[in-house]
Amino acid sequence: MSTDCKGAPSTNYTLQELLVAAAAREIKDNEVVFVGVGIPCLGAFVAKFTHAPNVVLVVESGCIGSMPYRLMLGIGDNACNENAIAATSLWRAFSDQQRGYFDLGMLGGAQVDKYGNLNSTAIFGKGDYKHPVTRLPGSGGANDIASSAKRTLLMMNQQKRRFLDKVDYITSPGYLDGPGAREKYGYTGNGPSVIISNMAIFRFDEMTKEAYLDSVHPGVTVDDVKKEVSWDLKVSPNVKVTPPPTEEEVEIIHILDEKKIYTGKGLKELTFESYIGMLEKSYTTLKSMFPA
Amino acid sequence: MSTDCKGAPSTNYTLQELLVAAAAREIKDNEVVFVGVGIPCLGAFVAKFTHAPNVVLVVESGCIGSMPYRLMLGIGDNACNENAIAATSLWRAFSDQQRGYFDLGMLGGAQVDKYGNLNSTAIFGKGDYKHPVTRLPGSGGANDIASSAKRTLLMMNQQKRRFLDKVDYITSPGYLDGPGAREKYGYTGNGPSVIISNMAIFRFDEMTKEAYLDSVHPGVTVDDVKKEVSWDLKVSPNVKVTPPPTEEEVEIIHILDEKKIYTGKGLKELTFESYIGMLEKSYTTLKSMFPA
Amino acid sequence: MDGIDSKKLLDKRISLKDAIAKFVFNGCSIAFSGMGGEQVVAPTYEIIRQGQKDLTLIGDSPCEPADFLIGTGQIKRMEVAWAAFAVAGVSQNYRNAVEKGIPHEIEVCEFSNYTMGLRFLAGSLGIPFMATKSLMGSSLEKYNDWIKVIDDPYKKKEGKIALVPAANPDVAIIHANQADKLGNTQFLGFSSNAENIARSAKRVIVTCEEIVSTNTIRKNSALTAIPQYVVDAVVELPYGSHPWNMPFTYAYDLPFHMEMIAQIETVDGFKKWIDKWAYGCKDHADYCEKVGWQRLHKLSSVEKQFYK
Amino acid sequence: MDGIDSKKLLDKRISLKDAIAKFVFNGCSIAFSGMGGEQVVAPTYEIIRQGQKDLTLIGDSPCEPADFLIGTGQIKRMEVAWAAFAVAGVSQNYRNAVEKGIPHEIEVCEFSNYTMGLRFLAGSLGIPFMATKSLMGSSLEKYNDWIKVIDDPYKKKEGKIALVPAANPDVAIIHANQADKLGNTQFLGFSSNAENIARSAKRVIVTCEEIVSTNTIRKNSALTAIPQYVVDAVVELPYGSHPWNMPFTYAYDLPFHMEMIAQIETVDGFKKWIDKWAYGCKDHADYCEKVGWQRLHKLSSVEKQFYK
């Protein structure tokens with residue numbers, strides 16, 4: 001279901017770079033993609049520089065068709081305005097999504113279940129919604145993206161305590177309790193199409209709506225993955241190995257995230273001088289890469 | 001209730017000019033006024049050039065704070081954009097009105113009743129709504145203005161068949177069937193405050209919500225007016241004579257409506273050449289009148 | 001509709017004739033942008049030339065699209081707030097149809113300008129209705145079943161609110177100042193309800209005074225009322241609103257309009273007008289030729305002085 | 001509120017201190033604009049200095065306004081979609097309040113970014129609710145009584161739709177690029193929900209990077225998100241969003257933010273941060289001095305290169 005990756009595979013890449021490339025390959029050319037921040041957003045830009053030059057990126061603050069000369073540091077970063085086709089409002093961007101214009105949304109969470117429901121609100125632990133052991137940031141736009149983007153990409157950390165039979169709290173609806181549930185509510189979107197974790201890629205069975213293992217990342221076994229999933233995970237009869245990023249993809253990731261803010265520990269090491277230097281360099285480099 | 005008119009009264013004015021001035025005097029400085037076309041709109045501009053320089057004029061097409069160098073020929077005329085504070089949308093302008101930001105709206109109709117209900121939809125005659133003797137244009141924005149502007153100014157032709165006990169069709173709600181009726185629906189606006197006709201000015205009794213005669217235009221008697229009203233018209237104990245326009249007001253009207261499009265028969269006599277000439281002249285004249 | 005998603009095309013440019021033939025069909029519901037100015041006139045003439053029938057016109061205050069298409073008998077039903085020619089005069093064809101059934105009776109479903117705007121807003125949001133404080137207590141509510149007055153579910157004490165249903169026309173025609181070949185559409189001034197009319201419709205034809213580069217669009221991203229993913233076809237159509245005005249582009253041709261209104265007051269006069277300006281022109285360029293390029297140019301040049 | 005209608009003033013310029021003192025009161029509900037960038041930071045520090053209590057924060061995704069005012073114990077209730085610092089980190093004060101009741105428990109009423117946007121849109125329209133296809137079937141609906149799922153009154157067969165109630169905060173604080181003294185307010189880029197947050201509120205304080213002439217406003221009328229009649233006070237507040245970014249004006253100060261997040265992770269560290277940057281500064285100019293004008297200037301100059 002993902003785009004074929006052309007070009008020579010890289011022999012020198014990190015796990016983060018593989019995840020970026022995996023996200024990039026979920027995007028087809030000419031699609032409208034609602035992007036957040038971090039790895040999936042980086043994936044969207046890699047797609048734009050490779051197989052999907054006409055992809056339209058939309059951010060929650062209200063920018064449509066952004067084409068920035070720098071790494072997007074947030075959904076309300078100045079980068080979002082840069083070369084945008086339309087600078088509008090949050091409510092309008094989300095309304096366009098609810099109307100059905102957005103092909104793909106990107107989500108993350110602290111817990112996911114077999115039906116692709118996501119929790120980014122609270123880990124209850126021994127408590128409950130009002131008194132959770134861990135309070136998380138909340139929905140933000142996630143519930144809306146999960147409801148209305150035609151399909152969604154979920155990015156997760158692979159841990160048994162995060163891949164659950166049932167999440168504590170459904171912040172973002174996947175297939176809820178299975179087949180027919182989304183139809184009952186008449187959501188605009190069709191639900192999640194893929195989960196990309198740090199160990200594997202999962203897709204959803206068309207009939208059962210359950211997530212199944214589609215590919216394992218290089219060096220990971222099916223059993224490794226099963227150990228980090230709480231439910232009885234179905235495995236594709238022809239489970240694949242996730243293709244590594246191409247040399248070109250790795251090169252673009254290095255340019256876009258020069259300081260490894262999303263793909264390494266760069267965030268913690270940033271100084272004001274190195275940060276300003278990053279912005280200055282990025283402008284020159286990226287301007288030459290985007291066609292005028 | 002209207003603004004006092006300062007300056008020397010004109011001794012050489014037309015009825016149309018008196019009506020423009022009467023409309024102008026209903027506007028206080030700093031108010032937000034939803035304008036249409038014709039005499040009341042001209043009145044709003046006369047107000048802006050005299051006692052109400054800070055009035056904010058809004059038109060249905062979505063322009064706020066227009067300050068054109070020409071006569072506004074429609075609610076979607078290019079003039080509306082000129083020097084506007086905001087160029088936005090129809091739905092937003094009306095939403096701002098529904099939210100309660102607009103002080104005054106201006107309306108006209110084919111029939112009015114004693115509670116200030118207006119009909120601009122259909123004269124039933126011997127027929128009904130679906131088969132009327134005369135089909136009129138319909139509400140346009142009138143229903144919305146009547147519902148939501150804080151107060152409304154109604155402009156009418158004074159004829160017995162137009163000043164009715166009950167209109168055939170309530171396009172624009174006045175006080176409906178009397179005291180308390182508007183409150184029942186929770187309208188944003190408080191209802192009509194004045195009717196200006198070609199013979200007189202009517203205001204509304206605070207208790208009964210019924211229109212009463214407040215002033216007659218020069219040369220018109222109370223009896224003349226009563227003959228052209230279908231209900232038993234109440235008359236103010238100190239009924240006045242409508243003050244004539246001032247010399248300044250007449251002069252401004254002559255500048256704004258040089259070709260007497262709204263204040264005479266100019267519309268029928270317009271040639272392409274005289275029309276282009278009017279636009280060219282108006283630009284020069286008005287630009288010098290508006291402060292930069 | 002064919003299998004290709006026309007909203008995904010990278011070049012949506014097409015002739016007016018082809019756009020109307022492709023997206024306007026017998027029995028469709030159709031909406032037009034414009035509020036006085038920015039009126040969709042040239043595409044209306046093309047619909048007359050092509051003769052699509054049984055149209056449901058959904059609009060706020062349509063002028064030529066309502067009057068002409070009623071007069072030619074192409075409209076079956078109207079959901080509107082108003083139909084006339086503003087300062088220039090009334091809509092005689094609308095009167096004839098309602099008062100006398102000439103050329104035939106039409107169904108009329110009436111709202112106000114704002115509540116038609118809300119119907120398009122609801123359509124653009126993909127939701128079934130919008131609430132409003134307009135309409136309640138008036139005869140519009142009385143004669144229109146689509147207006148529902150409900151108890152406000154959030155009010156503890158008695159509280160009423162009106163609902164109007166979303167509009168979702170089969171096709172919308174938007175006339176704008178400029179667009180790129182992808183369909184990114186900009187107004188240089190007000191946009192009346194255009195951005196919501198477009199989003200509320202299944203298929204969208206953008207006609208524009210000028211096709212510009214995507215770079216021009218990006219340089220003024222605040223002006224983009226309609227993004228490319230809403231649009232199915234882009235037609236370059238200079239003077240597409242004549243005799244109406246186009247902000248920052250050309251002035252209102254009021255004398256032309258007055259002549260038109262005078263002529264179309266009679267059924268016979270209307271027929272002659274349509275014979276000359278619709279059937280008598282093979283396309284919009286032919287119309288412009290007949291109006292006179294010099295006259296059109298004058299309307300542009302007089303307009304430009306206001307932005308010196 | 002005093003008898004004078006502050007929305008009608010012809011000169012609404014006022015100091016930040018006076019604006020906060022006049023319009024933010026104990027027990028009021030308050031909304032802030034911004035979505036990551038354009039965050040209302042300097043006014044948040046001023047509210048900390050003045051110490052208004054029992055606030056109800058109504059917002060989409062507030063960062064400093066939520067985290068700081070929870071940490072100082074000034075917030076009683078939040079109606080929000082999200083609270084954190086995006087790429088920079090989580091909101092430890094929010095976690096402390098919910099998980100441990102430190103400094104005290106807060107009520108939380110949760111929506112999503114879009115549905116908070118719809119609550120402000122409904123508020124700006126003066127209507128009681130807005131319909132949406134979000135929220136249904138999720139735990140947000142389950143735990144929040146203000147979200148009502150109803151039968152669509154326009155659907156013949158079964159059809160569900162969610163309603164969210166209008167938000168109408170007592171006061172909104174909007175940080176924008178520019179405004180004139182009358183309150184006409186412009187964003188040079190995206191506006192997130194600002195135009196509706198302002199209109200939904202009873203009183204509106206606009207803080208802006210620069211006060212400009214009304215002529216400047218008129219020259220770019222498409223950029224005006226908030227017209228004067230919505231606004232009660234205008235405050236010139238350069239670098240009012242620091243450390244966040246302001247489109248076309250200055251870049252995000254991410255290193256400053258990382259330092260801040262690291263320090264405010266502990267209750268003690270947060271106290272010290274507030275001591276230094278809120279109580280330790282007599283006003284925003286003092287804050288800028290402490291950050292360093294050279295640093296702020298560098299953030300502006302690096303931003304400007306992107307628009308060469």
# chains A, B, ... in the order shown; residues from 1 in each chain; ligands from 1
call {"tool": "interface_residues", "arguments": {"of": "chain D", "to": "chain C", "cutoff": "8 Å", "atoms": "only C-alpha atoms", "output": "list in words"}}
result
Ile127, Pro128, Phe129, Met130, Ala131, Thr132, Lys133, Asp152, Tyr154, Pro165, Leu188, Gly189, Ala222 and Leu223 of chain D
call {"tool": "interface_residues", "arguments": {"of": "chain B", "to": "chain C", "cutoff": "8 Å", "atoms": "only C-alpha atoms", "output": "ChimeraX atom specification"}}
result
/B:37-38,60-63,69,73-78,81-82,87-91,94-95,98,130-144,147-148,169-173,176,185-188,267-268,270-272,275-276,279-280,283
call {"tool": "residues_around", "arguments": {"residues": "stretch 286-293 of chain D", "least_positions_apart": "3", "cutoff": "10 Å", "atoms": "only C-alpha atoms", "output": "list in words"}}
result
Ala42, Tyr45, Pro238, Tyr239, Gly240, His242, Pro243, Phe256, Lys276, Trp277, Ala278, Gly280, Cys281, Lys282, Asp283, Leu296, His297, Lys298 and Leu299 of chain D
call {"tool": "write_last_selection", "arguments": {"atoms": "N, CA and C atoms", "output": "PDB file, in the first residue's frame"}}
result
ATOM      1  N   ALA D  42       3.724  37.717  26.997  1.00  0.00           N
ATOM      2  CA  ALA D  42       3.937  38.888  27.867  1.00  0.00           C
ATOM      3  C   ALA D  42       2.691  39.215  28.701  1.00  0.00           C
ATOM      4  N   TYR D  45       2.576  36.962  31.736  1.00  0.00           N
ATOM      5  CA  TYR D  45       3.446  37.417  32.829  1.00  0.00           C
ATOM      6  C   TYR D  45       2.787  38.562  33.609  1.00  0.00           C
ATOM      7  N   PRO D 238       5.977  44.933  21.513  1.00  0.00           N
ATOM      8  CA  PRO D 238       6.931  44.219  20.665  1.00  0.00           C
ATOM      9  C   PRO D 238       7.545  43.034  21.406  1.00  0.00           C
ATOM     10  N   TYR D 239       7.766  41.969  20.685  1.00  0.00           N
ATOM     11  CA  TYR D 239       8.284  40.716  21.251  1.00  0.00           C
ATOM     12  C   TYR D 239       7.336  40.151  22.311  1.00  0.00           C
ATOM     13  N   GLY D 240       6.063  40.433  22.154  1.00  0.00           N
ATOM     14  CA  GLY D 240       5.066  39.977  23.121  1.00  0.00           C
ATOM     15  C   GLY D 240       4.861  38.475  23.137  1.00  0.00           C
ATOM     16  N   HIS D 242       7.554  36.305  22.622  1.00  0.00           N
ATOM     17  CA  HIS D 242       8.814  35.640  22.957  1.00  0.00           C
ATOM     18  C   HIS D 242       8.630  34.734  24.173  1.00  0.00           C
ATOM     19  N   PRO D 243       9.159  33.519  24.146  1.00  0.00           N
ATOM     20  CA  PRO D 243      10.123  32.930  23.201  1.00  0.00           C
ATOM     21  C   PRO D 243       9.508  32.346  21.929  1.00  0.00           C
ATOM     22  N   PHE D 256      15.953  29.224  24.109  1.00  0.00           N
ATOM     23  CA  PHE D 256      15.415  29.845  25.326  1.00  0.00           C
ATOM     24  C   PHE D 256      14.306  28.954  25.909  1.00  0.00           C
ATOM     25  N   LYS D 276      11.969  35.274  38.611  1.00  0.00           N
ATOM     26  CA  LYS D 276      12.895  36.036  37.764  1.00  0.00           C
ATOM     27  C   LYS D 276      12.174  36.771  36.641  1.00  0.00           C
ATOM     28  N   TRP D 277      11.273  36.064  35.942  1.00  0.00           N
ATOM     29  CA  TRP D 277      10.744  36.618  34.698  1.00  0.00           C
ATOM     30  C   TRP D 277       9.394  37.322  34.846  1.00  0.00           C
ATOM     31  N   ALA D 278       8.651  37.024  35.906  1.00  0.00           N
ATOM     32  CA  ALA D 278       7.380  37.740  36.116  1.00  0.00           C
ATOM     33  C   ALA D 278       7.588  38.791  37.212  1.00  0.00           C
ATOM     34  N   GLY D 280      10.186  39.493  38.892  1.00  0.00           N
ATOM     35  CA  GLY D 280      11.485  40.158  38.805  1.00  0.00           C
ATOM     36  C   GLY D 280      11.584  41.185  37.679  1.00  0.00           C
ATOM     37  N   CYS D 281      10.531  41.326  36.906  1.00  0.00           N
ATOM     38  CA  CYS D 281      10.513  42.343  35.836  1.00  0.00           C
ATOM     39  C   CYS D 281       9.353  43.286  36.137  1.00  0.00           C
ATOM     40  N   LYS D 282       9.617  44.570  36.109  1.00  0.00           N
ATOM     41  CA  LYS D 282       8.489  45.457  36.431  1.00  0.00           C
ATOM     42  C   LYS D 282       7.500  45.532  35.259  1.00  0.00           C
ATOM     43  N   ASP D 283       7.991  45.299  34.067  1.00  0.00           N
ATOM     44  CA  ASP D 283       7.094  45.268  32.907  1.00  0.00           C
ATOM     45  C   ASP D 283       7.751  44.494  31.771  1.00  0.00           C
ATOM     46  N   LEU D 296      17.063  39.426  20.922  1.00  0.00           N
ATOM     47  CA  LEU D 296      15.760  39.640  20.282  1.00  0.00           C
ATOM     48  C   LEU D 296      15.940  40.178  18.861  1.00  0.00           C
ATOM     49  N   HIS D 297      16.870  41.107  18.740  1.00  0.00           N
ATOM     50  CA  HIS D 297      17.130  41.674  17.426  1.00  0.00           C
ATOM     51  C   HIS D 297      17.617  40.603  16.450  1.00  0.00           C
ATOM     52  N   LYS D 298      18.450  39.699  16.943  1.00  0.00           N
ATOM     53  CA  LYS D 298      18.955  38.612  16.095  1.00  0.00           C
ATOM     54  C   LYS D 298      17.788  37.732  15.607  1.00  0.00           C
ATOM     55  N   LEU D 299      16.813  37.482  16.490  1.00  0.00           N
ATOM     56  CA  LEU D 299      15.646  36.678  16.113  1.00  0.00           C
ATOM     57  C   LEU D 299      14.837  37.372  15.011  1.00  0.00           C
TER      58      LEU D 299
END
call {"tool": "residues_around", "arguments": {"residues": "stretch 196-198 of chain A", "least_positions_apart": "3", "cutoff": "12 Å", "atoms": "only C-alpha atoms", "output": "number ranges by chain"}}
result
A: 2, 14-26, 39-40, 43, 106-112, 116, 152-159, 162-163, 192-193, 201-204, 211-220, 224-225, 228-229, 242
call {"tool": "select_by_dssp", "arguments": {"residues": "stretch 78-307 of chain D", "states": "helix (DSSP H, G or I)", "output": "number ranges by chain"}}
result
D: 86-88, 92-100, 113-125, 139-143, 194-200, 214-219, 221-223, 228-230, 254-263, 267-279, 284-291, 293-307
call {"tool": "atom_distance", "arguments": {"atom1": "atom CA of B:Asp29", "atom2": "atom CA of B:Ala47"}}
result
8.2 Å
call {"tool": "atom_distance", "arguments": {"atom1": "atom CA of B:Arg92", "atom2": "atom CA of C:Val234"}}
result
26.2 Å
